[in-house]
>>> print(open('model08.cif').read())   # mmCIF, C-alpha atoms
data_target
#
loop_
_atom_site.label_atom_id
_atom_site.label_comp_id
_atom_site.auth_asym_id
_atom_site.auth_seq_id
_atom_site.Cartn_x
_atom_site.Cartn_y
_atom_site.Cartn_z
CA MET A 1338 -29.64 193.91 105.15
CA ILE A 1339 -28.12 194.91 108.47
CA ILE A 1340 -30.06 194.17 111.63
CA GLU A 1341 -29.45 194.59 115.33
CA THR A 1342 -29.70 191.45 117.41
CA ARG A 1343 -29.04 190.35 120.96
CA PHE A 1344 -25.66 189.29 119.68
CA GLY A 1345 -24.75 192.56 118.06
CA ILE A 1346 -25.03 193.81 114.53
CA SER A 1347 -25.72 191.07 112.06
CA GLU A 1348 -26.02 190.71 108.34
CA THR A 1349 -28.98 188.85 106.95
CA SER A 1350 -31.20 188.83 103.89
CA GLU A 1351 -34.91 189.18 103.18
CA SER A 1352 -35.03 185.55 102.19
CA LYS A 1353 -34.09 184.50 105.72
CA ILE A 1354 -36.96 186.33 107.36
CA ILE A 1355 -39.65 184.10 108.82
CA THR A 1356 -43.07 185.66 109.14
CA PHE A 1357 -45.24 184.65 112.08
CA PRO A 1358 -48.73 185.87 111.17
CA PHE A 1359 -49.98 185.19 114.69
CA GLY A 1360 -46.81 186.25 116.47
CA LEU A 1361 -45.79 183.94 119.31
CA PRO A 1362 -47.67 183.32 122.57
CA GLY A 1363 -46.40 186.08 124.85
CA PHE A 1364 -45.14 188.08 121.86
CA GLU A 1365 -48.26 188.46 119.78
CA ASP A 1366 -47.13 191.76 118.29
CA LEU A 1367 -43.86 190.42 116.88
CA HIS A 1368 -44.23 188.95 113.41
CA LYS A 1369 -40.79 188.86 111.82
CA PHE A 1370 -37.95 186.68 113.01
CA ILE A 1371 -34.75 185.17 111.74
CA ILE A 1372 -32.83 182.18 113.01
CA VAL A 1373 -29.41 183.11 114.32
CA GLU A 1374 -26.67 180.55 114.67
CA VAL A 1375 -24.19 181.23 117.43
CA ASP A 1376 -21.23 178.84 117.46
CA GLU A 1377 -20.84 178.80 121.23
CA THR A 1378 -24.46 177.99 121.93
CA ARG A 1379 -24.90 175.16 119.45
CA PRO A 1380 -27.12 173.11 119.41
CA VAL A 1381 -29.18 175.98 120.75
CA TYR A 1382 -30.16 178.42 117.99
CA TRP A 1383 -31.90 181.72 118.48
CA LEU A 1384 -35.21 182.88 117.08
CA GLN A 1385 -34.33 186.56 116.88
CA SER A 1386 -36.98 189.22 116.44
CA ILE A 1387 -36.27 191.75 113.72
CA GLU A 1388 -38.77 194.16 115.23
CA ASN A 1389 -37.33 194.11 118.75
CA LYS A 1390 -33.60 193.50 118.96
CA HIS A 1391 -33.86 192.49 122.63
CA ILE A 1392 -36.08 189.51 121.95
CA ALA A 1393 -34.40 186.28 120.90
CA LEU A 1394 -35.81 182.95 121.97
CA PRO A 1395 -33.39 180.04 122.36
CA VAL A 1396 -34.57 177.04 120.38
CA ILE A 1397 -33.42 173.54 119.60
CA VAL A 1398 -34.31 170.96 117.01
CA SER A 1399 -35.77 168.41 119.40
CA LEU A 1400 -36.13 165.85 116.65
CA ALA A 1401 -32.34 165.83 116.33
CA ILE A 1402 -31.59 165.74 120.05
CA LEU A 1403 -34.27 163.55 121.52
CA SER A 1404 -35.15 160.11 120.34
CA ASP A 1405 -38.87 159.45 120.36
CA TYR A 1406 -40.10 162.98 120.01
CA ASN A 1407 -43.23 162.28 118.04
CA ILE A 1408 -45.70 164.95 117.19
CA ASN A 1409 -48.78 164.87 115.08
CA ILE A 1410 -49.33 168.15 113.30
CA ARG A 1411 -52.83 168.74 112.06
CA GLU A 1412 -53.46 169.39 108.37
CA ASN A 1413 -55.01 172.77 109.05
CA GLU A 1414 -51.88 173.90 110.88
CA LEU A 1415 -49.81 172.90 107.84
CA GLU A 1416 -52.22 174.78 105.60
CA ASP A 1417 -51.62 177.90 107.66
CA LEU A 1418 -47.97 177.47 106.74
CA GLN A 1419 -48.84 176.95 103.05
CA LEU A 1420 -46.74 173.84 103.22
CA GLU A 1421 -46.31 172.06 99.90
CA SER A 1422 -43.76 169.44 100.83
CA PRO A 1423 -42.79 167.82 104.14
CA ASP A 1424 -39.19 168.58 103.21
CA ASP A 1425 -39.91 172.24 103.79
CA LEU A 1426 -41.03 171.71 107.37
CA LEU A 1427 -38.71 172.80 110.17
CA ILE A 1428 -39.71 172.06 113.75
CA LEU A 1429 -38.10 173.96 116.60
CA ASN A 1430 -38.76 173.89 120.33
CA VAL A 1431 -38.27 176.76 122.71
CA VAL A 1432 -35.93 176.13 125.64
CA VAL A 1433 -35.96 177.84 129.00
CA ILE A 1434 -32.44 178.32 130.33
CA PRO A 1435 -32.35 179.25 134.01
CA GLU A 1436 -29.34 180.51 136.01
CA ASP A 1437 -28.45 176.90 136.69
CA VAL A 1438 -28.08 175.76 133.12
CA THR A 1439 -28.25 172.08 134.07
CA LYS A 1440 -31.91 172.68 134.79
CA MET A 1441 -32.78 173.88 131.29
CA THR A 1442 -36.04 172.58 129.86
CA VAL A 1443 -37.62 172.35 126.45
CA ASN A 1444 -41.25 172.96 125.57
CA LEU A 1445 -42.33 169.82 123.77
CA ALA A 1446 -46.02 170.71 123.97
CA ALA A 1447 -45.73 173.85 121.88
CA PRO A 1448 -43.44 173.32 118.91
CA VAL A 1449 -42.62 176.16 116.57
CA VAL A 1450 -43.39 174.90 113.10
CA ILE A 1451 -41.89 176.68 110.12
CA ASN A 1452 -42.24 176.40 106.38
CA ALA A 1453 -38.59 177.00 105.68
CA LYS A 1454 -39.15 177.43 101.98
CA ARG A 1455 -41.79 180.14 102.24
CA GLY A 1456 -40.64 181.63 105.53
CA ILE A 1457 -43.90 181.22 107.43
CA GLY A 1458 -44.07 180.03 111.02
CA LYS A 1459 -46.32 179.55 113.99
CA GLN A 1460 -46.15 178.05 117.44
CA ILE A 1461 -48.79 175.38 117.93
CA ILE A 1462 -50.03 173.78 121.12
CA ILE A 1463 -50.49 170.04 121.38
CA ASP A 1464 -52.28 168.73 124.44
CA ALA A 1465 -50.86 165.28 125.06
CA ALA A 1466 -49.62 163.60 128.20
CA GLU A 1467 -46.37 162.54 126.56
CA LEU A 1468 -45.51 166.09 125.51
CA PRO A 1469 -44.49 168.03 128.61
CA LEU A 1470 -44.11 171.77 128.57
CA ARG A 1471 -40.91 171.76 130.60
CA TYR A 1472 -38.94 168.68 129.74
CA PRO A 1473 -35.41 168.56 131.18
CA VAL A 1474 -33.10 168.59 128.21
CA TYR A 1475 -29.62 169.43 129.51
CA GLU A 1476 -28.36 165.85 129.51
CA ALA A 1477 -29.60 165.19 126.01
CA ILE A 1478 -27.93 168.34 124.72
CA ARG A 1479 -24.66 167.46 126.40
CA ASN A 1480 -24.80 164.01 124.92
CA SER A 1481 -25.54 165.31 121.47
CA LEU A 1482 -22.46 167.52 121.70
CA LYS A 1483 -20.39 164.51 122.63
CA GLY A 1484 -21.39 162.89 119.40
CA GLY A 1485 -24.75 161.34 119.07
CA GLU A 1486 -25.94 159.29 122.00
CA LYS A 1487 -29.50 159.77 120.89
CA ASP A 1488 -30.82 157.15 123.26
CA ALA A 1489 -29.83 159.25 126.22
CA GLY A 1490 -32.57 161.67 125.37
CA SER A 1491 -35.52 159.39 125.05
CA VAL A 1492 -38.81 161.08 125.74
CA SER A 1493 -41.08 158.11 126.13
CA GLU A 1494 -40.44 155.26 128.47
CA ASN A 1495 -41.40 152.69 125.91
CA GLY A 1496 -38.35 153.61 123.88
CA MET B 320 -68.65 185.58 126.14
CA LEU B 321 -71.71 183.35 126.12
CA VAL B 322 -72.48 182.01 129.58
CA LEU B 323 -74.78 179.04 130.03
CA SER B 324 -75.71 176.65 132.71
CA ARG B 325 -75.86 172.91 132.02
CA LYS B 326 -76.67 169.82 134.02
CA THR B 327 -75.04 166.45 133.74
CA GLY B 328 -76.00 164.83 130.48
CA GLU B 329 -76.75 168.09 128.73
CA GLY B 330 -74.72 169.42 125.83
CA ILE B 331 -73.79 172.38 123.68
CA THR B 332 -73.14 172.52 119.95
CA LEU B 333 -70.57 174.81 118.39
CA ASP B 334 -70.79 175.60 114.69
CA GLN B 335 -72.16 172.55 112.98
CA ASN B 336 -70.01 169.71 114.10
CA ILE B 337 -68.55 170.36 117.50
CA THR B 338 -70.48 169.16 120.49
CA VAL B 339 -69.60 169.56 124.12
CA LYS B 340 -71.29 167.33 126.65
CA ILE B 341 -71.28 167.46 130.44
CA LEU B 342 -70.52 163.86 131.39
CA SER B 343 -70.39 164.14 135.15
CA ILE B 344 -69.88 166.57 137.97
CA GLU B 345 -67.97 165.53 141.10
CA GLY B 346 -67.39 168.24 143.62
CA ASP B 347 -65.77 171.05 141.70
CA ARG B 348 -64.59 168.85 138.88
CA VAL B 349 -66.58 168.67 135.66
CA ARG B 350 -65.98 165.88 133.21
CA ILE B 351 -66.52 167.13 129.68
CA GLY B 352 -66.80 165.14 126.49
CA ILE B 353 -65.97 166.84 123.19
CA GLN B 354 -66.79 165.51 119.78
CA ALA B 355 -65.17 167.42 116.99
CA PRO B 356 -63.59 166.90 113.58
CA PRO B 357 -59.97 165.68 113.83
CA ASP B 358 -58.69 169.03 112.58
CA THR B 359 -60.15 170.89 115.51
CA ARG B 360 -57.63 172.43 117.85
CA ILE B 361 -58.55 171.55 121.39
CA PHE B 362 -56.30 172.15 124.33
CA ARG B 363 -56.56 173.00 128.00
CA ASN B 364 -56.19 176.75 128.53
CA GLU B 365 -53.39 176.32 131.03
CA LEU B 366 -51.15 175.13 128.20
CA LEU B 367 -51.48 178.42 126.37
CA GLU B 368 -50.87 180.38 129.58
CA ALA B 369 -47.92 178.19 130.42
CA THR B 370 -46.47 178.58 126.92
CA ILE B 371 -46.79 182.34 127.17
CA HIS B 372 -44.85 182.25 130.44
CA ALA B 373 -42.27 179.81 129.11
CA ASN B 374 -41.68 181.95 126.00
CA ARG B 375 -41.20 185.06 128.09
CA GLU B 376 -38.84 183.25 130.41
CA ALA B 377 -36.99 181.82 127.44
CA ALA B 378 -36.38 185.30 126.07
CA LYS B 379 -34.43 186.10 129.23
CA ALA B 380 -31.92 183.32 128.61
CA PRO B 381 -28.26 183.99 129.24
CA ILE B 382 -26.10 183.49 126.16
CA LEU B 383 -24.14 180.52 127.33
CA ASP B 384 -21.12 178.83 125.90
CA PHE B 385 -21.84 175.13 125.58
CA SER B 386 -18.31 174.39 124.56
CA LYS B 387 -17.22 175.44 128.02
CA LEU B 388 -19.68 173.32 129.92
CA ASP B 389 -19.28 169.83 131.06
#
>>> encode(input="model08.cif", output="structure tokens")
Amino acid sequence: MIIETRFGISETSESKIITFPFGLPGFEDLHKFIIVEVDETRPVYWLQSIENKHIALPVIVSLAILSDYNINIRENELEDLQLESPDDLLILNVVVIPEDVTKMTVNLAAPVVINAKRGIGKQIIIDAAELPLRYPVYEAIRNSLKGGEKDAGSVSENG
Amino acid sequence: MLVLSRKTGEGITLDQNITVKILSIEGDRVRIGIQAPPDTRIFRNELLEATIHANREAAKAPILDFSKLD
């Protein structure tokens, strides 16, 4: 199917659509998204709304970029996703990219959890001191592009 | 919205197994104790507000070229 995105016209398929039954905080009326890969912005991907072509949230896989990103996802949240196997779980975090890109931050407190197999997602909120809402992530992203200095992006001080 | 008034030491029960207790009051700060099943989602409201703002800000991101940055 052809869809319009922030990046222009794109080709996708029904199977790639992720349904967010609760929408996203701030976008409660948007329920269907796809993940768009843009070569230039890697490792930032885009959670593109199918219902509103102007809305695409930049996201990263924090687990791949930061060492020590530990989150505990409650069973009932996983049930909402109809998750059958942990292999099907994809965890993304929304990044805020200001004018000065070196000041970009990632929301570690509210991961977007997705059942990649069934295409169901939701953004959950975890209230924990070690999960900041605006964690500076530019350095870690730069380092991951240079080839895997995972330690540079350690979240917790205890390592 | 149900509005109640409680004194230190008093509590409220939600459903069958969530209890909220007023532990202490100091000035305008109330210390609250919550006992709930581990599956219960509990978070400070500011986090939801802040996530709403962060998501909306995030949607305004420029489409940058990381390969050109250093």
>>> resolve_selection(input="model08.cif", expression="the PyMOL selection byres ((chain B) within 9 of (chain A))", output="PyMOL selection string")
chain B and resi 357-363+366-389
>>> resolve_selection(input="model08.cif", expression="the PyMOL selection byres ((chain B and resi 334-340) around 12)", output="list in words")
Ser324, Arg325, Lys326, Thr327, Gly328, Glu329, Gly330, Ile331, Thr332, Leu333, Ile341, Leu342, Ser343, Ile344, Val349, Arg350, Ile351, Gly352, Ile353, Gln354, Ala355, Pro356, Pro357, Asp358, Thr359, Arg360 and Ile361 of chain B
>>> resolve_selection(input="model08.cif", expression="the PyMOL selection byres ((chain A and resi 1340) around 10)", output="number ranges by chain")
A: 1338-1339, 1341-1342, 1345-1350, 1386-1388, 1390
>>> residues_around(input="model08.cif", residues="Ala1453 (chain A)", least_positions_apart="4", cutoff="9 Å", atoms="only C-alpha atoms", output="list in words")
Lys1353, Ile1355, Asp1424, Asp1425, Leu1426, Leu1427, Ile1457 and Gly1458 of chain A
>>> axis_aligned_box(input="model08.cif", around="region 334-351 of chain B", padding_each_side="4 Å", output="JSON")
{"center_x": -68.4, "center_y": 169.7, "center_z": 128.3, "size_x": 15.6, "size_y": 19.7, "size_z": 38.6}
